[in-house]
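Peer 1: Just one file: work.cif, with mmCIF, N, CA and C atoms and all ligand atoms.
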data_model
#
loop_
_atom_site.label_atom_id
_atom_site.label_comp_id
_atom_site.auth_asym_id
_atom_site.auth_seq_id
_atom_site.Cartn_x
_atom_site.Cartn_y
_atom_site.Cartn_z
N MET A 9 -13.93 -277.98 83.57
CA MET A 9 -12.89 -278.47 82.66
C MET A 9 -11.81 -277.41 82.55
N SER A 10 -10.60 -277.82 82.76
CA SER A 10 -9.52 -276.84 82.65
C SER A 10 -9.22 -276.54 81.20
N VAL A 11 -8.70 -275.36 81.00
CA VAL A 11 -8.47 -274.90 79.64
C VAL A 11 -7.02 -274.49 79.48
N ILE A 12 -6.42 -274.92 78.39
CA ILE A 12 -5.03 -274.56 78.12
C ILE A 12 -4.98 -273.83 76.79
N HIS A 13 -4.47 -272.63 76.80
CA HIS A 13 -4.35 -271.81 75.59
C HIS A 13 -5.66 -271.75 74.82
N GLY A 14 -6.71 -271.57 75.55
CA GLY A 14 -8.01 -271.42 74.90
C GLY A 14 -8.60 -272.73 74.42
N LYS A 15 -7.92 -273.82 74.66
CA LYS A 15 -8.45 -275.11 74.25
C LYS A 15 -8.74 -275.95 75.48
N ALA A 16 -9.68 -276.88 75.33
CA ALA A 16 -9.95 -277.79 76.42
C ALA A 16 -8.71 -278.61 76.70
N ALA A 17 -8.42 -278.78 77.96
CA ALA A 17 -7.23 -279.54 78.32
C ALA A 17 -7.52 -281.02 78.23
N CYS A 18 -6.48 -281.78 77.96
CA CYS A 18 -6.60 -283.23 77.98
C CYS A 18 -7.06 -283.65 79.35
N GLN A 19 -8.09 -284.44 79.38
CA GLN A 19 -8.65 -284.83 80.66
C GLN A 19 -7.97 -286.07 81.23
N VAL A 20 -6.92 -286.49 80.55
CA VAL A 20 -6.17 -287.63 81.08
C VAL A 20 -4.93 -287.13 81.83
N CYS A 21 -4.10 -286.41 81.10
CA CYS A 21 -2.90 -285.90 81.76
C CYS A 21 -3.12 -284.51 82.34
N LYS A 22 -4.13 -283.84 81.87
CA LYS A 22 -4.49 -282.49 82.32
C LYS A 22 -3.36 -281.50 82.13
N GLU A 23 -2.46 -281.78 81.22
CA GLU A 23 -1.33 -280.90 81.01
C GLU A 23 -1.33 -280.31 79.61
N GLN A 24 -1.74 -281.11 78.65
CA GLN A 24 -1.71 -280.66 77.27
C GLN A 24 -3.10 -280.22 76.82
N ALA A 25 -3.09 -279.38 75.80
CA ALA A 25 -4.35 -279.04 75.16
C ALA A 25 -4.86 -280.26 74.43
N ALA A 26 -6.14 -280.49 74.55
CA ALA A 26 -6.70 -281.68 73.92
C ALA A 26 -6.87 -281.46 72.43
N LYS A 27 -6.45 -282.44 71.66
CA LYS A 27 -6.62 -282.35 70.21
C LYS A 27 -7.74 -283.27 69.74
N TYR A 28 -8.01 -284.25 70.54
CA TYR A 28 -8.99 -285.27 70.12
C TYR A 28 -10.06 -285.45 71.19
N LYS A 29 -11.03 -286.22 70.80
CA LYS A 29 -12.06 -286.57 71.76
C LYS A 29 -12.32 -288.06 71.70
N CYS A 30 -12.52 -288.64 72.85
CA CYS A 30 -12.87 -290.05 72.88
C CYS A 30 -14.20 -290.21 72.13
N SER A 31 -14.21 -291.18 71.21
CA SER A 31 -15.41 -291.34 70.40
C SER A 31 -16.57 -291.90 71.23
N THR A 32 -16.24 -292.42 72.39
CA THR A 32 -17.30 -292.97 73.21
C THR A 32 -17.87 -291.94 74.18
N CYS A 33 -16.96 -291.36 74.98
CA CYS A 33 -17.46 -290.48 76.04
C CYS A 33 -17.15 -289.02 75.77
N ILE A 34 -16.62 -288.72 74.61
CA ILE A 34 -16.21 -287.39 74.17
C ILE A 34 -15.28 -286.68 75.15
N LEU A 35 -14.57 -287.46 75.94
CA LEU A 35 -13.58 -286.86 76.84
C LEU A 35 -12.39 -286.37 76.01
N PRO A 36 -12.00 -285.15 76.24
CA PRO A 36 -10.88 -284.63 75.44
C PRO A 36 -9.55 -285.23 75.88
N TYR A 37 -8.73 -285.55 74.89
CA TYR A 37 -7.40 -286.06 75.20
C TYR A 37 -6.40 -285.49 74.21
N CYS A 38 -5.13 -285.58 74.56
CA CYS A 38 -4.14 -284.88 73.75
C CYS A 38 -3.41 -285.81 72.80
N SER A 39 -3.30 -287.05 73.16
CA SER A 39 -2.42 -287.93 72.37
C SER A 39 -2.87 -289.37 72.49
N LEU A 40 -2.26 -290.17 71.65
CA LEU A 40 -2.57 -291.59 71.67
C LEU A 40 -2.25 -292.21 73.03
N ALA A 41 -1.15 -291.73 73.60
CA ALA A 41 -0.74 -292.26 74.91
C ALA A 41 -1.84 -292.03 75.94
N CYS A 42 -2.37 -290.78 75.92
CA CYS A 42 -3.41 -290.46 76.89
C CYS A 42 -4.70 -291.23 76.58
N TYR A 43 -4.95 -291.41 75.28
CA TYR A 43 -6.14 -292.15 74.88
C TYR A 43 -6.08 -293.58 75.41
N LYS A 44 -4.88 -294.19 75.25
CA LYS A 44 -4.71 -295.56 75.72
C LYS A 44 -4.91 -295.64 77.23
N LYS A 45 -4.38 -294.64 77.89
CA LYS A 45 -4.54 -294.62 79.33
C LYS A 45 -6.02 -294.47 79.70
N HIS A 46 -6.67 -293.58 78.97
CA HIS A 46 -8.10 -293.36 79.22
C HIS A 46 -8.87 -294.66 78.99
N LYS A 47 -8.46 -295.41 77.99
CA LYS A 47 -9.19 -296.63 77.64
C LYS A 47 -8.92 -297.78 78.58
N GLU A 48 -7.98 -297.56 79.51
CA GLU A 48 -7.73 -298.61 80.51
C GLU A 48 -8.97 -298.79 81.39
N THR A 49 -9.69 -297.74 81.53
CA THR A 49 -10.94 -297.85 82.27
C THR A 49 -12.10 -297.68 81.29
N PRO A 50 -13.09 -298.51 81.43
CA PRO A 50 -14.21 -298.40 80.49
C PRO A 50 -14.93 -297.07 80.63
N CYS A 51 -15.31 -296.54 79.50
CA CYS A 51 -16.06 -295.30 79.55
C CYS A 51 -17.40 -295.50 78.84
N SER A 52 -18.26 -294.65 79.12
CA SER A 52 -19.59 -294.78 78.52
C SER A 52 -20.03 -293.46 77.92
N PRO A 53 -20.92 -293.49 76.98
CA PRO A 53 -21.35 -292.24 76.33
C PRO A 53 -21.95 -291.27 77.34
N PRO A 54 -21.67 -290.01 77.15
CA PRO A 54 -22.22 -289.01 78.07
C PRO A 54 -23.73 -288.91 77.91
N ILE A 55 -24.36 -288.54 78.99
CA ILE A 55 -25.80 -288.30 78.89
C ILE A 55 -25.98 -286.91 78.30
N SER A 56 -26.43 -286.90 77.09
CA SER A 56 -26.57 -285.61 76.43
C SER A 56 -27.98 -285.42 75.90
N GLU A 57 -28.35 -284.19 75.80
CA GLU A 57 -29.71 -283.90 75.34
C GLU A 57 -29.90 -284.29 73.89
N GLU A 58 -28.78 -284.32 73.18
CA GLU A 58 -28.93 -284.59 71.76
C GLU A 58 -28.85 -286.08 71.44
N SER A 59 -28.90 -286.90 72.49
CA SER A 59 -28.94 -288.33 72.22
C SER A 59 -30.21 -288.66 71.45
N PRO A 60 -30.07 -289.42 70.41
CA PRO A 60 -31.23 -289.65 69.54
C PRO A 60 -32.23 -290.64 70.14
N LYS A 61 -32.69 -290.29 71.31
CA LYS A 61 -33.71 -291.14 71.92
C LYS A 61 -35.05 -290.88 71.25
N GLU A 62 -35.80 -291.93 71.17
CA GLU A 62 -37.11 -291.77 70.52
C GLU A 62 -38.04 -291.00 71.44
N LYS A 63 -38.44 -289.90 70.94
CA LYS A 63 -39.42 -289.13 71.71
C LYS A 63 -40.80 -289.69 71.42
N PRO A 64 -41.63 -289.74 72.43
CA PRO A 64 -42.99 -290.16 72.12
C PRO A 64 -43.68 -289.09 71.29
N VAL A 65 -43.84 -289.41 70.06
CA VAL A 65 -44.46 -288.44 69.16
C VAL A 65 -45.97 -288.64 69.19
N SER A 66 -46.64 -287.61 69.57
CA SER A 66 -48.09 -287.70 69.57
C SER A 66 -48.58 -287.57 68.13
N ALA A 67 -49.12 -288.63 67.65
CA ALA A 67 -49.58 -288.63 66.27
C ALA A 67 -50.72 -287.64 66.09
N PRO A 68 -50.55 -286.76 65.15
CA PRO A 68 -51.63 -285.79 64.93
C PRO A 68 -52.87 -286.49 64.39
N LEU A 69 -53.99 -286.07 64.90
CA LEU A 69 -55.23 -286.70 64.48
C LEU A 69 -55.64 -286.16 63.13
N LYS A 70 -54.98 -286.68 62.13
CA LYS A 70 -55.23 -286.16 60.78
C LYS A 70 -56.15 -287.08 59.99
N ASP A 71 -56.59 -288.13 60.69
CA ASP A 71 -57.45 -289.07 59.99
C ASP A 71 -58.83 -288.50 59.73
N MET A 72 -59.18 -287.55 60.57
CA MET A 72 -60.49 -286.95 60.41
C MET A 72 -60.61 -286.32 59.02
N ASP A 73 -61.72 -286.50 58.45
CA ASP A 73 -61.93 -285.95 57.13
C ASP A 73 -62.14 -284.44 57.24
N GLU A 74 -61.15 -283.71 56.77
CA GLU A 74 -61.22 -282.25 56.90
C GLU A 74 -62.22 -281.65 55.92
N GLU A 75 -62.52 -282.41 54.91
CA GLU A 75 -63.47 -281.91 53.92
C GLU A 75 -64.82 -281.62 54.58
N GLY A 76 -65.07 -282.42 55.63
CA GLY A 76 -66.28 -282.17 56.40
C GLY A 76 -67.50 -282.77 55.76
N SER A 77 -68.04 -282.09 54.79
CA SER A 77 -69.31 -282.53 54.22
C SER A 77 -69.13 -283.75 53.34
N LEU A 78 -70.07 -284.67 53.49
CA LEU A 78 -70.04 -285.86 52.65
C LEU A 78 -70.63 -285.58 51.28
N LEU A 79 -71.36 -284.49 51.22
CA LEU A 79 -72.11 -284.20 50.00
C LEU A 79 -71.60 -282.95 49.31
N THR A 80 -71.71 -282.94 48.04
CA THR A 80 -71.38 -281.73 47.30
C THR A 80 -72.53 -280.73 47.46
N ASP A 81 -72.27 -279.49 47.13
CA ASP A 81 -73.30 -278.47 47.22
C ASP A 81 -74.49 -278.84 46.34
N GLU A 82 -74.17 -279.40 45.19
CA GLU A 82 -75.23 -279.76 44.27
C GLU A 82 -76.14 -280.83 44.89
N GLN A 83 -75.49 -281.81 45.52
CA GLN A 83 -76.25 -282.89 46.15
C GLN A 83 -77.09 -282.35 47.31
N LEU A 84 -76.48 -281.45 48.07
CA LEU A 84 -77.22 -280.84 49.17
C LEU A 84 -78.42 -280.06 48.65
N GLY A 85 -78.21 -279.39 47.53
CA GLY A 85 -79.28 -278.64 46.90
C GLY A 85 -80.44 -279.56 46.52
N ARG A 86 -80.08 -280.71 45.96
CA ARG A 86 -81.10 -281.69 45.59
C ARG A 86 -81.88 -282.17 46.80
N LEU A 87 -81.12 -282.40 47.87
CA LEU A 87 -81.76 -282.84 49.11
C LEU A 87 -82.76 -281.79 49.60
N GLY A 88 -82.28 -280.54 49.57
CA GLY A 88 -83.12 -279.45 50.06
C GLY A 88 -84.37 -279.27 49.22
N ALA A 89 -84.25 -279.57 47.94
CA ALA A 89 -85.37 -279.34 47.03
C ALA A 89 -86.33 -280.52 46.99
N SER A 90 -85.91 -281.63 47.55
CA SER A 90 -86.72 -282.85 47.44
C SER A 90 -87.92 -282.80 48.38
N LYS A 91 -89.09 -283.08 47.80
CA LYS A 91 -90.30 -283.09 48.62
C LYS A 91 -90.29 -284.30 49.56
N ASP A 92 -89.83 -285.41 49.03
CA ASP A 92 -89.72 -286.62 49.85
C ASP A 92 -88.91 -286.34 51.11
N ILE A 93 -87.78 -285.67 50.89
CA ILE A 93 -86.89 -285.40 52.01
C ILE A 93 -87.55 -284.44 53.00
N SER A 94 -88.17 -283.40 52.47
CA SER A 94 -88.77 -282.45 53.40
C SER A 94 -89.95 -283.08 54.14
N ASP A 95 -90.66 -283.95 53.45
CA ASP A 95 -91.73 -284.69 54.11
C ASP A 95 -91.18 -285.51 55.28
N ILE A 96 -90.16 -286.25 54.97
CA ILE A 96 -89.63 -287.17 55.97
C ILE A 96 -88.95 -286.39 57.10
N LEU A 97 -88.39 -285.24 56.72
CA LEU A 97 -87.71 -284.42 57.72
C LEU A 97 -88.70 -283.76 58.69
N SER A 98 -89.96 -283.72 58.29
CA SER A 98 -90.94 -283.12 59.20
C SER A 98 -91.31 -284.09 60.32
N ASN A 99 -90.82 -285.30 60.21
CA ASN A 99 -91.04 -286.28 61.26
C ASN A 99 -90.25 -285.89 62.52
N VAL A 100 -91.02 -285.76 63.61
CA VAL A 100 -90.40 -285.26 64.84
C VAL A 100 -89.35 -286.23 65.38
N ASP A 101 -89.65 -287.51 65.26
CA ASP A 101 -88.68 -288.51 65.73
C ASP A 101 -87.37 -288.38 64.99
N LEU A 102 -87.52 -288.22 63.68
CA LEU A 102 -86.32 -288.12 62.85
C LEU A 102 -85.51 -286.87 63.22
N GLN A 103 -86.22 -285.79 63.45
CA GLN A 103 -85.54 -284.55 63.84
C GLN A 103 -84.74 -284.77 65.11
N LYS A 104 -85.35 -285.51 66.03
CA LYS A 104 -84.68 -285.79 67.30
C LYS A 104 -83.41 -286.61 67.05
N ILE A 105 -83.55 -287.61 66.20
CA ILE A 105 -82.42 -288.48 65.91
C ILE A 105 -81.28 -287.69 65.26
N LEU A 106 -81.68 -286.83 64.31
CA LEU A 106 -80.67 -286.04 63.62
C LEU A 106 -79.95 -285.11 64.59
N LYS A 107 -80.70 -284.60 65.54
CA LYS A 107 -80.10 -283.71 66.53
C LYS A 107 -79.10 -284.50 67.38
N GLU A 108 -79.52 -285.70 67.75
CA GLU A 108 -78.63 -286.55 68.56
C GLU A 108 -77.36 -286.89 67.79
N LEU A 109 -77.55 -287.20 66.52
CA LEU A 109 -76.40 -287.52 65.68
C LEU A 109 -75.44 -286.34 65.61
N ASP A 110 -76.02 -285.19 65.56
CA ASP A 110 -75.23 -283.98 65.42
C ASP A 110 -74.32 -283.76 66.61
N SER A 111 -74.80 -284.17 67.78
CA SER A 111 -74.01 -283.94 68.99
C SER A 111 -73.37 -285.23 69.49
N ALA A 112 -73.42 -286.27 68.67
CA ALA A 112 -72.84 -287.54 69.09
C ALA A 112 -71.33 -287.44 69.20
N GLN A 113 -70.77 -288.14 70.18
CA GLN A 113 -69.32 -288.13 70.35
C GLN A 113 -68.65 -288.84 69.16
N ASP A 114 -69.29 -289.87 68.72
CA ASP A 114 -68.77 -290.64 67.59
C ASP A 114 -69.86 -290.69 66.52
N PRO A 115 -69.96 -289.65 65.73
CA PRO A 115 -71.07 -289.52 64.78
C PRO A 115 -71.17 -290.71 63.83
N GLU A 116 -70.01 -291.24 63.43
CA GLU A 116 -70.04 -292.33 62.48
C GLU A 116 -70.71 -293.56 63.09
N LYS A 117 -70.34 -293.83 64.33
CA LYS A 117 -70.91 -294.99 65.03
C LYS A 117 -72.39 -294.74 65.28
N ALA A 118 -72.70 -293.53 65.71
CA ALA A 118 -74.09 -293.20 65.98
C ALA A 118 -74.93 -293.34 64.72
N LEU A 119 -74.34 -292.95 63.61
CA LEU A 119 -75.03 -293.05 62.33
C LEU A 119 -75.30 -294.52 61.98
N ASP A 120 -74.26 -295.35 62.19
CA ASP A 120 -74.43 -296.77 61.92
C ASP A 120 -75.54 -297.36 62.77
N GLN A 121 -75.51 -296.98 64.04
CA GLN A 121 -76.52 -297.50 64.96
C GLN A 121 -77.92 -297.05 64.54
N ALA A 122 -78.00 -295.79 64.19
CA ALA A 122 -79.30 -295.26 63.79
C ALA A 122 -79.81 -296.00 62.55
N MET A 123 -78.91 -296.26 61.61
CA MET A 123 -79.27 -296.99 60.40
C MET A 123 -79.81 -298.37 60.73
N GLU A 124 -79.19 -299.00 61.75
CA GLU A 124 -79.58 -300.36 62.09
C GLU A 124 -80.86 -300.41 62.91
N GLN A 125 -80.99 -299.44 63.78
CA GLN A 125 -82.03 -299.59 64.81
C GLN A 125 -83.25 -298.71 64.59
N ILE A 126 -83.12 -297.68 63.81
CA ILE A 126 -84.23 -296.74 63.71
C ILE A 126 -84.78 -296.72 62.29
N PRO A 127 -85.91 -297.35 62.09
CA PRO A 127 -86.47 -297.48 60.73
C PRO A 127 -86.67 -296.14 60.04
N ILE A 128 -87.16 -295.16 60.77
CA ILE A 128 -87.43 -293.86 60.13
C ILE A 128 -86.14 -293.23 59.64
N PHE A 129 -85.07 -293.47 60.38
CA PHE A 129 -83.80 -292.91 59.96
C PHE A 129 -83.28 -293.63 58.73
N ARG A 130 -83.47 -294.96 58.73
CA ARG A 130 -83.03 -295.73 57.57
C ARG A 130 -83.80 -295.29 56.32
N GLU A 131 -85.07 -295.08 56.54
CA GLU A 131 -85.90 -294.63 55.43
C GLU A 131 -85.40 -293.29 54.90
N PHE A 132 -85.10 -292.42 55.86
CA PHE A 132 -84.59 -291.10 55.49
C PHE A 132 -83.26 -291.22 54.74
N ALA A 133 -82.37 -292.06 55.28
CA ALA A 133 -81.05 -292.21 54.67
C ALA A 133 -81.16 -292.77 53.25
N GLU A 134 -82.04 -293.76 53.12
CA GLU A 134 -82.20 -294.36 51.80
C GLU A 134 -82.78 -293.36 50.80
N LYS A 135 -83.74 -292.62 51.29
CA LYS A 135 -84.36 -291.60 50.44
C LYS A 135 -83.34 -290.54 50.07
N ALA A 136 -82.53 -290.18 51.06
CA ALA A 136 -81.51 -289.16 50.82
C ALA A 136 -80.51 -289.64 49.77
N ILE A 137 -80.09 -290.89 49.92
CA ILE A 137 -79.12 -291.44 48.96
C ILE A 137 -79.72 -291.45 47.56
N GLU A 138 -80.97 -291.88 47.52
CA GLU A 138 -81.67 -291.92 46.25
C GLU A 138 -81.74 -290.52 45.63
N THR A 139 -82.08 -289.56 46.46
CA THR A 139 -82.22 -288.20 46.00
C THR A 139 -80.89 -287.64 45.53
N VAL A 140 -79.88 -287.92 46.31
CA VAL A 140 -78.55 -287.40 45.98
C VAL A 140 -78.04 -287.98 44.67
N ALA A 141 -78.39 -289.26 44.45
CA ALA A 141 -77.94 -289.92 43.24
C ALA A 141 -78.54 -289.28 42.00
N GLY A 142 -79.60 -288.54 42.21
CA GLY A 142 -80.19 -287.83 41.08
C GLY A 142 -81.29 -288.64 40.42
N PRO A 143 -82.03 -287.99 39.55
CA PRO A 143 -83.13 -288.68 38.88
C PRO A 143 -82.59 -289.78 37.99
N ARG A 144 -83.30 -290.87 37.98
CA ARG A 144 -82.84 -291.98 37.16
C ARG A 144 -83.11 -291.67 35.69
N THR A 145 -82.09 -291.80 34.93
CA THR A 145 -82.28 -291.55 33.49
C THR A 145 -82.57 -292.87 32.79
N PRO A 146 -83.65 -292.90 32.07
CA PRO A 146 -83.97 -294.13 31.36
C PRO A 146 -82.91 -294.44 30.30
N GLU A 147 -82.60 -295.70 30.20
CA GLU A 147 -81.54 -296.05 29.25
C GLU A 147 -82.07 -296.24 27.84
ZN ZN B 1 -3.02 -285.96 77.73
ZN ZN B 2 -13.89 -292.38 76.71
#
What does this structure look like when you write it as structure tokens?
Peer 2:
Amino acid sequence: MSVIHGKAACQVCKEQAAKYKCSTCILPYCSLACYKKHKETPCSPPISEESPKEKPVSAPLKDMDEEGSLLTDEQLGRLGASKDISDILSNVDLQKILKELDSAQDPEKALDQAMEQIPIFREFAEKAIETVAGPRTPE
């Protein structure tokens, strides 16, 4: 682009310093006359990096529960102290299932499946829920 007196030159007549820019193609021009001349031919917006094209935004996987534990420390304590739970946890099958769940790609799904298909696990889960809920207080 030629420059006149430190300013971009009109890209139509190339003689005057450009004072304006075409609102479409940002071509610099000096006057209305040059603008009209420029508009005799259709122009199109320049390809620019700042064009507000939608970038594919990779959605951050924030759905995962960052809290991690489903249970409070108190509830975990109750579980740990429960004889029922420790009894049931001594079951080798259950230990295996828990280990599998731990390394499952989709723990939630694996948990659902285990609940549906594995009686010992369901028993454990129910007992755990019962234990976590705390001792029943008579009304
Ligand atoms: Zn001009
Ligand atoms: Zn233009």
Peer 1: Quick one, how far is CA of Asn99 in chain A from CA of Asp120 in chain A?
Peer 2: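 It comes out at 19.7 Å.
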Peer 1: Of the residues A:Thr139, A:Gln125, A:Ser52, A:Thr80, which is the one nearest to Ile93 in chain A, using all atoms listed in the file?
Peer 2: A:Thr139
Peer 1: Give me, as a list in words, the set of residues whose atoms come within 6.5 Å of any atom of ligand ZN 1 (chain B), counting all atoms listed in the file.
Peer 2: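 The neighbouring residues of ligand ZN 1 (chain B) are, in order, Cys18, Gln19, Val20, Cys21, Lys22, Glu23, Gln24, Tyr37, Cys38, Ser39, Ala41, Cys42 and Tyr43 of chain A.
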Peer 1: Store the residues of this selection in a file with N, CA and C atoms, as a PDB file, in the frame of the given file.
Peer 2:
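Contents of out_23.pdb, as written:
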ATOM      1  N   CYS A  18      -6.480-281.780  77.960  1.00  0.00           N
ATOM      2  CA  CYS A  18      -6.600-283.230  77.980  1.00  0.00           C
ATOM      3  C   CYS A  18      -7.060-283.650  79.350  1.00  0.00           C
ATOM      4  N   GLN A  19      -8.090-284.440  79.380  1.00  0.00           N
ATOM      5  CA  GLN A  19      -8.650-284.830  80.660  1.00  0.00           C
ATOM      6  C   GLN A  19      -7.970-286.070  81.230  1.00  0.00           C
ATOM      7  N   VAL A  20      -6.920-286.490  80.550  1.00  0.00           N
ATOM      8  CA  VAL A  20      -6.170-287.630  81.080  1.00  0.00           C
ATOM      9  C   VAL A  20      -4.930-287.130  81.830  1.00  0.00           C
ATOM     10  N   CYS A  21      -4.100-286.410  81.100  1.00  0.00           N
ATOM     11  CA  CYS A  21      -2.900-285.900  81.760  1.00  0.00           C
ATOM     12  C   CYS A  21      -3.120-284.510  82.340  1.00  0.00           C
ATOM     13  N   LYS A  22      -4.130-283.840  81.870  1.00  0.00           N
ATOM     14  CA  LYS A  22      -4.490-282.490  82.320  1.00  0.00           C
ATOM     15  C   LYS A  22      -3.360-281.500  82.130  1.00  0.00           C
ATOM     16  N   GLU A  23      -2.460-281.780  81.220  1.00  0.00           N
ATOM     17  CA  GLU A  23      -1.330-280.900  81.010  1.00  0.00           C
ATOM     18  C   GLU A  23      -1.330-280.310  79.610  1.00  0.00           C
ATOM     19  N   GLN A  24      -1.740-281.110  78.650  1.00  0.00           N
ATOM     20  CA  GLN A  24      -1.710-280.660  77.270  1.00  0.00           C
ATOM     21  C   GLN A  24      -3.100-280.220  76.820  1.00  0.00           C
ATOM     22  N   TYR A  37      -8.730-285.550  74.890  1.00  0.00           N
ATOM     23  CA  TYR A  37      -7.400-286.060  75.200  1.00  0.00           C
ATOM     24  C   TYR A  37      -6.400-285.490  74.210  1.00  0.00           C
ATOM     25  N   CYS A  38      -5.130-285.580  74.560  1.00  0.00           N
ATOM     26  CA  CYS A  38      -4.140-284.880  73.750  1.00  0.00           C
ATOM     27  C   CYS A  38      -3.410-285.810  72.800  1.00  0.00           C
ATOM     28  N   SER A  39      -3.300-287.050  73.160  1.00  0.00           N
ATOM     29  CA  SER A  39      -2.420-287.930  72.370  1.00  0.00           C
ATOM     30  C   SER A  39      -2.870-289.370  72.490  1.00  0.00           C
ATOM     31  N   ALA A  41      -1.150-291.730  73.600  1.00  0.00           N
ATOM     32  CA  ALA A  41      -0.740-292.260  74.910  1.00  0.00           C
ATOM     33  C   ALA A  41      -1.840-292.030  75.940  1.00  0.00           C
ATOM     34  N   CYS A  42      -2.370-290.780  75.920  1.00  0.00           N
ATOM     35  CA  CYS A  42      -3.410-290.460  76.890  1.00  0.00           C
ATOM     36  C   CYS A  42      -4.700-291.230  76.580  1.00  0.00           C
ATOM     37  N   TYR A  43      -4.950-291.410  75.280  1.00  0.00           N
ATOM     38  CA  TYR A  43      -6.140-292.150  74.880  1.00  0.00           C
ATOM     39  C   TYR A  43      -6.080-293.580  75.410  1.00  0.00           C
TER      40      TYR A  43
END
Peer 1: To box range 112-129 of chain A, take all atoms listed in the file, fit an axis-aligned box, add 8 Å on each side, and give centre and edge lengths in Å to one decimal, as AutoDock Vina command-line options.
Peer 2:
--center_x -78.0 --center_y -293.3 --center_z 64.5 --size_x 34.8 --size_y 30.1 --size_z 27.6
Peer 1: Using only N, CA and C atoms and all ligand atoms for the distances, tell me which of A:Gly142, A:Gly88, A:Pro127, A:Pro50 is nearest to ligand ZN 2 (chain B).
Peer 2: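 Selected residue with least distance to ligand ZN 2 (chain B): A:Pro50.
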Peer 1: Write out as a tab-separated table the residues of chain A that have any atom within 6.5 Å of an atom of ligand ZN 2 (chain B), one row each with the nearest atom pair and its distance in Å to one decimal, counting all atoms listed in the file, sorted by chain and then rising number.
Peer 2:
residue	atom	partner	partner_atom	distance
A:Cys30	CA	B:ZN2	ZN	4.6
A:Ser31	N	B:ZN2	ZN	5.6
A:Thr32	C	B:ZN2	ZN	4.7
A:Cys33	N	B:ZN2	ZN	3.7
A:Ile34	N	B:ZN2	ZN	5.0
A:Leu35	N	B:ZN2	ZN	5.0
A:His46	C	B:ZN2	ZN	6.0
A:Lys47	N	B:ZN2	ZN	6.3
A:Pro50	C	B:ZN2	ZN	6.2
A:Cys51	CA	B:ZN2	ZN	4.6
A:Ser52	N	B:ZN2	ZN	5.5
Peer 1: Hey, which of A:Lys27, A:Lys45, A:Lys117, A:Arg130 ends up closest to Lys15 in chain A? Count only C-alpha atoms.
Peer 2: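 For Lys15 in chain A, the nearest of the given residues is A:Lys27.
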Peer 1: May I have all residues of range 14-133 of chain A that DSSP, computed from the backbone, assigns to strand (DSSP E), given as an MDAnalysis selection string?
Peer 2: chainID A and resid 15:16 28:29 36:37
Peer 1: Just the number, please: distance in Å from atom N of Leu87 in chain A to atom N of Phe132 in chain A, one decimal.
Peer 2: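 Computed distance, atom N of Leu87 in chain A to atom N of Phe132 in chain A, equals 13.4 Å.
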Peer 1: Find the distance between atom C of Leu119 in chain A and atom N of Ala136 in chain A and write it in Å to one decimal.
Peer 2: 13.8 Å
Peer 1: Compare A:Ala16, A:Ile105, A:Gln83, A:Ala25 by their minimum atom-to-atom distance to Ala141 in chain A, counting only N, CA and C atoms, and give me the closest one.
Peer 2: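 Nearest candidate to Ala141 in chain A out of A:Ala16, A:Ile105, A:Gln83, A:Ala25: A:Gln83.
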